[in-house]
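J.: This is start-v4.cif, which holds mmCIF, N, CA and C atoms:
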data_target
loop_
_atom_site.label_atom_id
_atom_site.label_comp_id
_atom_site.auth_asym_id
_atom_site.auth_seq_id
_atom_site.Cartn_x
_atom_site.Cartn_y
_atom_site.Cartn_z
N MET A 279 215.23 230.62 96.05
CA MET A 279 213.93 231.18 96.33
C MET A 279 214.10 232.59 96.88
N GLU A 280 213.40 233.56 96.31
CA GLU A 280 213.50 234.94 96.75
C GLU A 280 212.11 235.46 97.08
N ALA A 281 212.05 236.54 97.84
CA ALA A 281 210.77 237.17 98.16
C ALA A 281 210.82 238.63 97.77
N ARG A 282 209.69 239.21 97.52
CA ARG A 282 209.63 240.62 97.16
C ARG A 282 209.00 241.42 98.29
N THR A 283 209.55 242.56 98.53
CA THR A 283 209.01 243.45 99.56
C THR A 283 208.94 244.86 98.99
N THR A 284 208.10 245.68 99.60
CA THR A 284 207.97 247.04 99.11
C THR A 284 209.02 247.97 99.71
N THR A 285 209.65 247.56 100.79
CA THR A 285 210.73 248.35 101.39
C THR A 285 211.85 247.42 101.81
N ARG A 286 212.95 247.99 102.19
CA ARG A 286 214.07 247.19 102.68
C ARG A 286 214.20 247.39 104.17
N SER A 287 214.39 246.29 104.88
CA SER A 287 214.56 246.33 106.32
C SER A 287 216.05 246.46 106.64
N ARG A 288 216.34 247.04 107.80
CA ARG A 288 217.74 247.19 108.20
C ARG A 288 218.41 245.83 108.36
N SER A 289 217.74 244.90 109.06
CA SER A 289 218.38 243.63 109.37
C SER A 289 218.11 242.56 108.33
N CYS A 290 217.12 242.76 107.49
CA CYS A 290 216.77 241.75 106.49
C CYS A 290 216.64 242.42 105.13
N ASP A 291 217.08 241.72 104.13
CA ASP A 291 216.98 242.21 102.76
C ASP A 291 216.47 241.07 101.91
N ILE A 292 215.25 241.24 101.38
CA ILE A 292 214.65 240.16 100.62
C ILE A 292 214.42 240.61 99.19
N GLY A 293 214.44 239.68 98.26
CA GLY A 293 214.35 239.93 96.83
C GLY A 293 213.01 239.97 96.16
N SER A 294 212.53 238.89 95.37
CA SER A 294 211.37 239.16 94.50
C SER A 294 210.36 238.07 94.14
N ALA A 295 210.00 237.10 94.85
CA ALA A 295 208.96 236.17 94.42
C ALA A 295 207.69 236.26 95.24
N VAL A 296 207.80 236.61 96.50
CA VAL A 296 206.65 236.73 97.38
C VAL A 296 206.53 238.20 97.76
N ARG A 297 205.34 238.76 97.62
CA ARG A 297 205.14 240.17 98.00
C ARG A 297 204.79 240.25 99.48
N LEU A 298 205.67 240.90 100.23
CA LEU A 298 205.46 241.07 101.67
C LEU A 298 205.40 242.55 102.01
N THR A 299 204.58 242.88 102.99
CA THR A 299 204.54 244.26 103.47
C THR A 299 205.78 244.51 104.32
N PRO A 300 206.11 245.76 104.56
CA PRO A 300 207.27 246.05 105.41
C PRO A 300 207.16 245.40 106.80
N THR A 301 205.97 245.42 107.38
CA THR A 301 205.80 244.81 108.70
C THR A 301 205.93 243.31 108.62
N GLN A 302 205.43 242.70 107.56
CA GLN A 302 205.59 241.24 107.40
C GLN A 302 207.06 240.88 107.29
N VAL A 303 207.84 241.71 106.64
CA VAL A 303 209.28 241.46 106.54
C VAL A 303 209.91 241.51 107.93
N LYS A 304 209.50 242.49 108.73
CA LYS A 304 210.04 242.62 110.09
C LYS A 304 209.65 241.43 110.96
N VAL A 305 208.39 240.99 110.83
CA VAL A 305 207.94 239.81 111.57
C VAL A 305 208.72 238.59 111.11
N LEU A 306 208.91 238.44 109.81
CA LEU A 306 209.68 237.33 109.27
C LEU A 306 211.10 237.34 109.82
N CYS A 307 211.69 238.51 109.94
CA CYS A 307 213.03 238.63 110.50
C CYS A 307 213.06 238.20 111.96
N GLY A 308 212.00 238.56 112.69
CA GLY A 308 211.91 238.14 114.09
C GLY A 308 211.81 236.64 114.21
N VAL A 309 210.99 236.03 113.37
CA VAL A 309 210.87 234.57 113.37
C VAL A 309 212.20 233.95 113.00
N ARG A 310 212.85 234.53 112.01
CA ARG A 310 214.17 234.06 111.56
C ARG A 310 215.19 234.09 112.69
N SER A 311 215.03 235.08 113.58
CA SER A 311 215.94 235.24 114.71
C SER A 311 215.55 234.38 115.91
N GLY A 312 214.41 233.68 115.81
CA GLY A 312 213.98 232.81 116.89
C GLY A 312 213.18 233.50 117.98
N GLN A 313 212.67 234.69 117.68
CA GLN A 313 211.90 235.42 118.68
C GLN A 313 210.48 234.87 118.80
N PHE A 314 209.90 235.04 119.99
CA PHE A 314 208.50 234.72 120.22
C PHE A 314 207.64 235.88 119.72
N ASN A 315 206.35 235.62 119.48
CA ASN A 315 205.44 236.68 119.04
C ASN A 315 205.48 237.88 119.99
N LYS A 316 205.52 237.61 121.28
CA LYS A 316 205.52 238.68 122.28
C LYS A 316 206.76 239.57 122.12
N GLN A 317 207.91 238.96 121.86
CA GLN A 317 209.15 239.72 121.66
C GLN A 317 209.08 240.55 120.38
N ILE A 318 208.57 239.94 119.32
CA ILE A 318 208.44 240.65 118.04
C ILE A 318 207.51 241.85 118.22
N ALA A 319 206.38 241.62 118.90
CA ALA A 319 205.41 242.69 119.13
C ALA A 319 206.05 243.84 119.90
N HIS A 320 206.80 243.51 120.94
CA HIS A 320 207.47 244.55 121.73
C HIS A 320 208.47 245.34 120.88
N ASP A 321 209.28 244.62 120.11
CA ASP A 321 210.29 245.28 119.27
C ASP A 321 209.66 246.20 118.23
N LEU A 322 208.51 245.80 117.69
CA LEU A 322 207.87 246.57 116.63
C LEU A 322 206.86 247.59 117.17
N GLY A 323 206.57 247.50 118.47
CA GLY A 323 205.61 248.43 119.06
C GLY A 323 204.18 248.18 118.60
N ILE A 324 203.84 246.90 118.39
CA ILE A 324 202.50 246.52 117.97
C ILE A 324 201.97 245.47 118.94
N ALA A 325 200.68 245.18 118.84
CA ALA A 325 200.06 244.19 119.71
C ALA A 325 200.46 242.78 119.28
N GLU A 326 200.50 241.88 120.25
CA GLU A 326 200.82 240.49 119.94
C GLU A 326 199.80 239.89 118.97
N ALA A 327 198.54 240.30 119.10
CA ALA A 327 197.50 239.81 118.17
C ALA A 327 197.80 240.25 116.74
N THR A 328 198.40 241.43 116.58
CA THR A 328 198.78 241.91 115.25
C THR A 328 199.90 241.06 114.67
N VAL A 329 200.84 240.67 115.51
CA VAL A 329 201.92 239.78 115.06
C VAL A 329 201.31 238.45 114.59
N LYS A 330 200.35 237.93 115.36
CA LYS A 330 199.70 236.68 114.98
C LYS A 330 199.00 236.81 113.64
N ALA A 331 198.36 237.95 113.39
CA ALA A 331 197.71 238.19 112.10
C ALA A 331 198.74 238.21 110.97
N HIS A 332 199.89 238.84 111.23
CA HIS A 332 200.96 238.87 110.22
C HIS A 332 201.51 237.46 109.99
N MET A 333 201.61 236.67 111.05
CA MET A 333 202.08 235.28 110.91
C MET A 333 201.12 234.48 110.03
N THR A 334 199.82 234.67 110.23
CA THR A 334 198.83 233.98 109.40
C THR A 334 198.99 234.38 107.94
N ALA A 335 199.18 235.67 107.69
CA ALA A 335 199.38 236.16 106.32
C ALA A 335 200.67 235.59 105.73
N LEU A 336 201.73 235.54 106.54
CA LEU A 336 203.01 234.98 106.07
C LEU A 336 202.86 233.51 105.70
N MET A 337 202.16 232.76 106.55
CA MET A 337 201.96 231.33 106.25
C MET A 337 201.21 231.16 104.94
N ARG A 338 200.21 231.99 104.71
CA ARG A 338 199.45 231.91 103.46
C ARG A 338 200.33 232.27 102.27
N LYS A 339 201.05 233.38 102.38
CA LYS A 339 201.89 233.84 101.26
C LYS A 339 203.05 232.90 100.96
N LEU A 340 203.60 232.27 102.01
CA LEU A 340 204.72 231.36 101.81
C LEU A 340 204.26 229.93 101.54
N ASN A 341 202.94 229.73 101.61
CA ASN A 341 202.34 228.42 101.35
C ASN A 341 202.89 227.36 102.31
N VAL A 342 202.89 227.71 103.61
CA VAL A 342 203.33 226.78 104.64
C VAL A 342 202.22 226.67 105.69
N GLN A 343 202.36 225.70 106.61
CA GLN A 343 201.27 225.42 107.53
C GLN A 343 201.56 225.75 108.99
N ASN A 344 202.81 226.05 109.34
CA ASN A 344 203.09 226.34 110.75
C ASN A 344 204.31 227.25 110.89
N ARG A 345 204.54 227.69 112.12
CA ARG A 345 205.62 228.62 112.42
C ARG A 345 207.00 228.05 112.08
N THR A 346 207.18 226.78 112.33
CA THR A 346 208.46 226.14 112.02
C THR A 346 208.76 226.24 110.53
N GLN A 347 207.74 226.00 109.71
CA GLN A 347 207.93 226.10 108.27
C GLN A 347 208.19 227.54 107.84
N VAL A 348 207.59 228.52 108.53
CA VAL A 348 207.88 229.93 108.26
C VAL A 348 209.36 230.20 108.56
N ALA A 349 209.83 229.68 109.69
CA ALA A 349 211.23 229.89 110.07
C ALA A 349 212.19 229.27 109.05
N ILE A 350 211.84 228.09 108.56
CA ILE A 350 212.67 227.43 107.54
C ILE A 350 212.67 228.26 106.26
N ALA A 351 211.49 228.72 105.84
CA ALA A 351 211.40 229.56 104.64
C ALA A 351 212.19 230.85 104.84
N ALA A 352 212.13 231.42 106.04
CA ALA A 352 212.86 232.64 106.34
C ALA A 352 214.35 232.43 106.19
N GLN A 353 214.83 231.25 106.60
CA GLN A 353 216.27 230.95 106.46
C GLN A 353 216.69 230.97 104.99
N LEU A 354 215.79 230.52 104.12
CA LEU A 354 216.10 230.52 102.70
C LEU A 354 215.97 231.91 102.09
N LEU A 355 215.03 232.71 102.62
CA LEU A 355 214.74 234.02 102.06
C LEU A 355 215.59 235.14 102.62
N VAL A 356 215.96 235.03 103.89
CA VAL A 356 216.60 236.13 104.59
C VAL A 356 218.05 235.76 104.88
N PRO A 357 218.99 236.49 104.31
CA PRO A 357 220.39 236.24 104.63
C PRO A 357 220.66 236.50 106.10
N HIS A 358 221.49 235.68 106.70
CA HIS A 358 221.82 235.85 108.12
C HIS A 358 222.64 237.12 108.27
N PRO A 359 222.21 238.01 109.22
CA PRO A 359 222.99 239.25 109.43
C PRO A 359 224.41 238.95 109.86
N ALA A 360 225.34 239.67 109.32
CA ALA A 360 226.76 239.45 109.61
C ALA A 360 227.16 239.95 110.97
#
Can you give me the file's structure in the form of structure tokens?

T.:
Amino acid sequence: MEARTTTRSRSCDIGSAVRLTPTQVKVLCGVRSGQFNKQIAHDLGIAEATVKAHMTALMRKLNVQNRTQVAIAAQLLVPHPA
């Protein structure tokens, strides 16, 4: 399973089945790393509510129902940084 993004992230590199925005990729990487929304928001310099909105969009695009399923999908989509 691969995902498509419009840009490449430093820590995450995703391929081509799901279209994600650059910020969604960064949020997905944060979830993949086990970060809380508050930590992701701080790292990206955005509001926690914005992270929550991106999480909702990610759940819809990945066709999953909760954060745990997003994290599992991220494990399949995002190679673990070396």

J.: What are the closest atom pairs, with distances in Å to one decimal, for all residues of segment 294-326 of chain A lying within 8 Å of segment 345-353 of chain A? Consider only C-alpha atoms, order rows by chain and residue number, and present the result as a Markdown table.

T.:
| residue | atom | partner | partner_atom | distance |
| --- | --- | --- | --- | --- |
| A:Leu306 | CA | A:Ala352 | CA | 6.4 |
| A:Cys307 | CA | A:Ala352 | CA | 7.3 |
| A:Val309 | CA | A:Ala349 | CA | 5.7 |
| A:Arg310 | CA | A:Ala349 | CA | 5.3 |
| A:Gly312 | CA | A:Ala349 | CA | 7.9 |

J.: Between atom CA of Val329 of chain A and atom CA of Gln343 of chain A, what is the distance, to one decimal in Å?

T.: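 Atom-to-atom, atom CA of Val329 of chain A to atom CA of Gln343 of chain A, that is 16.2 Å.
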
J.: What is the distance between atom CA of Lys316 of chain A and atom CA of Val296 of chain A, in Å to one decimal?

T.: 25.0 Å

J.: In Å, with one decimal, what is the gap from atom CA of Asn315 of chain A to atom CA of Lys339 of chain A?

T.: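 According to the coordinates, atom CA of Asn315 of chain A and atom CA of Lys339 of chain A are separated by 18.4 Å.
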
J.: Assuming the input is short of atoms at segment 311-322 of chain A, produce all heavy atoms for that part as a compact mmCIF listing (two decimals), in the coordinates of the input.

T.:
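This is the output file rebuild-v4.txt:
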# COMPACT_ATOMS: atom_id res chain seq x y z
N SER A 311 215.03 235.08 113.58
CA SER A 311 215.94 235.24 114.71
C SER A 311 215.55 234.38 115.91
O SER A 311 216.24 234.40 116.92
CB SER A 311 215.97 236.71 115.15
OG SER A 311 216.43 237.51 114.11
N GLY A 312 214.41 233.68 115.81
CA GLY A 312 213.98 232.81 116.89
C GLY A 312 213.18 233.50 117.98
O GLY A 312 213.01 232.96 119.06
N GLN A 313 212.67 234.69 117.68
CA GLN A 313 211.90 235.42 118.68
C GLN A 313 210.48 234.87 118.80
O GLN A 313 209.91 234.37 117.83
CB GLN A 313 211.82 236.90 118.32
CG GLN A 313 213.13 237.63 118.42
CD GLN A 313 212.96 239.09 118.09
OE1 GLN A 313 212.40 239.44 117.06
NE2 GLN A 313 213.44 239.95 118.97
N PHE A 314 209.90 235.04 119.99
CA PHE A 314 208.50 234.72 120.22
C PHE A 314 207.64 235.88 119.72
O PHE A 314 208.13 237.01 119.57
CB PHE A 314 208.23 234.52 121.71
CG PHE A 314 208.95 233.33 122.29
CD1 PHE A 314 209.95 233.53 123.23
CD2 PHE A 314 208.63 232.04 121.91
CE1 PHE A 314 210.62 232.45 123.78
CE2 PHE A 314 209.30 230.96 122.45
CZ PHE A 314 210.29 231.15 123.39
N ASN A 315 206.35 235.62 119.48
CA ASN A 315 205.44 236.68 119.04
C ASN A 315 205.48 237.88 119.99
O ASN A 315 205.46 239.02 119.55
CB ASN A 315 204.01 236.16 118.93
CG ASN A 315 203.81 235.25 117.74
OD1 ASN A 315 204.69 235.11 116.90
ND2 ASN A 315 202.66 234.62 117.67
N LYS A 316 205.52 237.61 121.28
CA LYS A 316 205.52 238.68 122.28
C LYS A 316 206.76 239.57 122.12
O LYS A 316 206.67 240.79 122.22
CB LYS A 316 205.47 238.07 123.68
CG LYS A 316 205.20 239.06 124.77
CD LYS A 316 204.98 238.33 126.09
CE LYS A 316 204.12 239.16 127.00
NZ LYS A 316 203.72 238.44 128.19
N GLN A 317 207.91 238.96 121.86
CA GLN A 317 209.15 239.72 121.66
C GLN A 317 209.08 240.55 120.38
O GLN A 317 209.51 241.71 120.36
CB GLN A 317 210.35 238.78 121.61
CG GLN A 317 210.63 238.06 122.91
CD GLN A 317 211.64 236.94 122.73
OE1 GLN A 317 211.48 236.09 121.84
NE2 GLN A 317 212.66 236.93 123.57
N ILE A 318 208.57 239.94 119.32
CA ILE A 318 208.44 240.65 118.04
C ILE A 318 207.51 241.85 118.22
O ILE A 318 207.81 242.95 117.77
CB ILE A 318 207.92 239.70 116.94
CG1 ILE A 318 208.93 238.59 116.66
CG2 ILE A 318 207.62 240.48 115.66
CD1 ILE A 318 208.40 237.45 115.80
N ALA A 319 206.38 241.62 118.90
CA ALA A 319 205.41 242.69 119.13
C ALA A 319 206.05 243.84 119.90
O ALA A 319 205.89 245.02 119.54
CB ALA A 319 204.20 242.15 119.90
N HIS A 320 206.80 243.51 120.94
CA HIS A 320 207.47 244.55 121.73
C HIS A 320 208.47 245.34 120.88
O HIS A 320 208.49 246.57 120.91
CB HIS A 320 208.18 243.92 122.93
CG HIS A 320 208.87 244.92 123.79
ND1 HIS A 320 210.20 245.25 123.62
CD2 HIS A 320 208.42 245.67 124.82
CE1 HIS A 320 210.53 246.17 124.51
NE2 HIS A 320 209.47 246.44 125.26
N ASP A 321 209.28 244.62 120.11
CA ASP A 321 210.29 245.28 119.27
C ASP A 321 209.66 246.20 118.23
O ASP A 321 210.22 247.25 117.91
CB ASP A 321 211.15 244.24 118.55
CG ASP A 321 212.10 243.51 119.49
OD1 ASP A 321 212.24 243.93 120.66
OD2 ASP A 321 212.70 242.51 119.04
N LEU A 322 208.51 245.80 117.69
CA LEU A 322 207.87 246.57 116.63
C LEU A 322 206.86 247.59 117.17
O LEU A 322 206.34 248.40 116.41
CB LEU A 322 207.16 245.64 115.64
CG LEU A 322 208.05 244.64 114.91
CD1 LEU A 322 207.23 243.79 113.94
CD2 LEU A 322 209.17 245.35 114.16
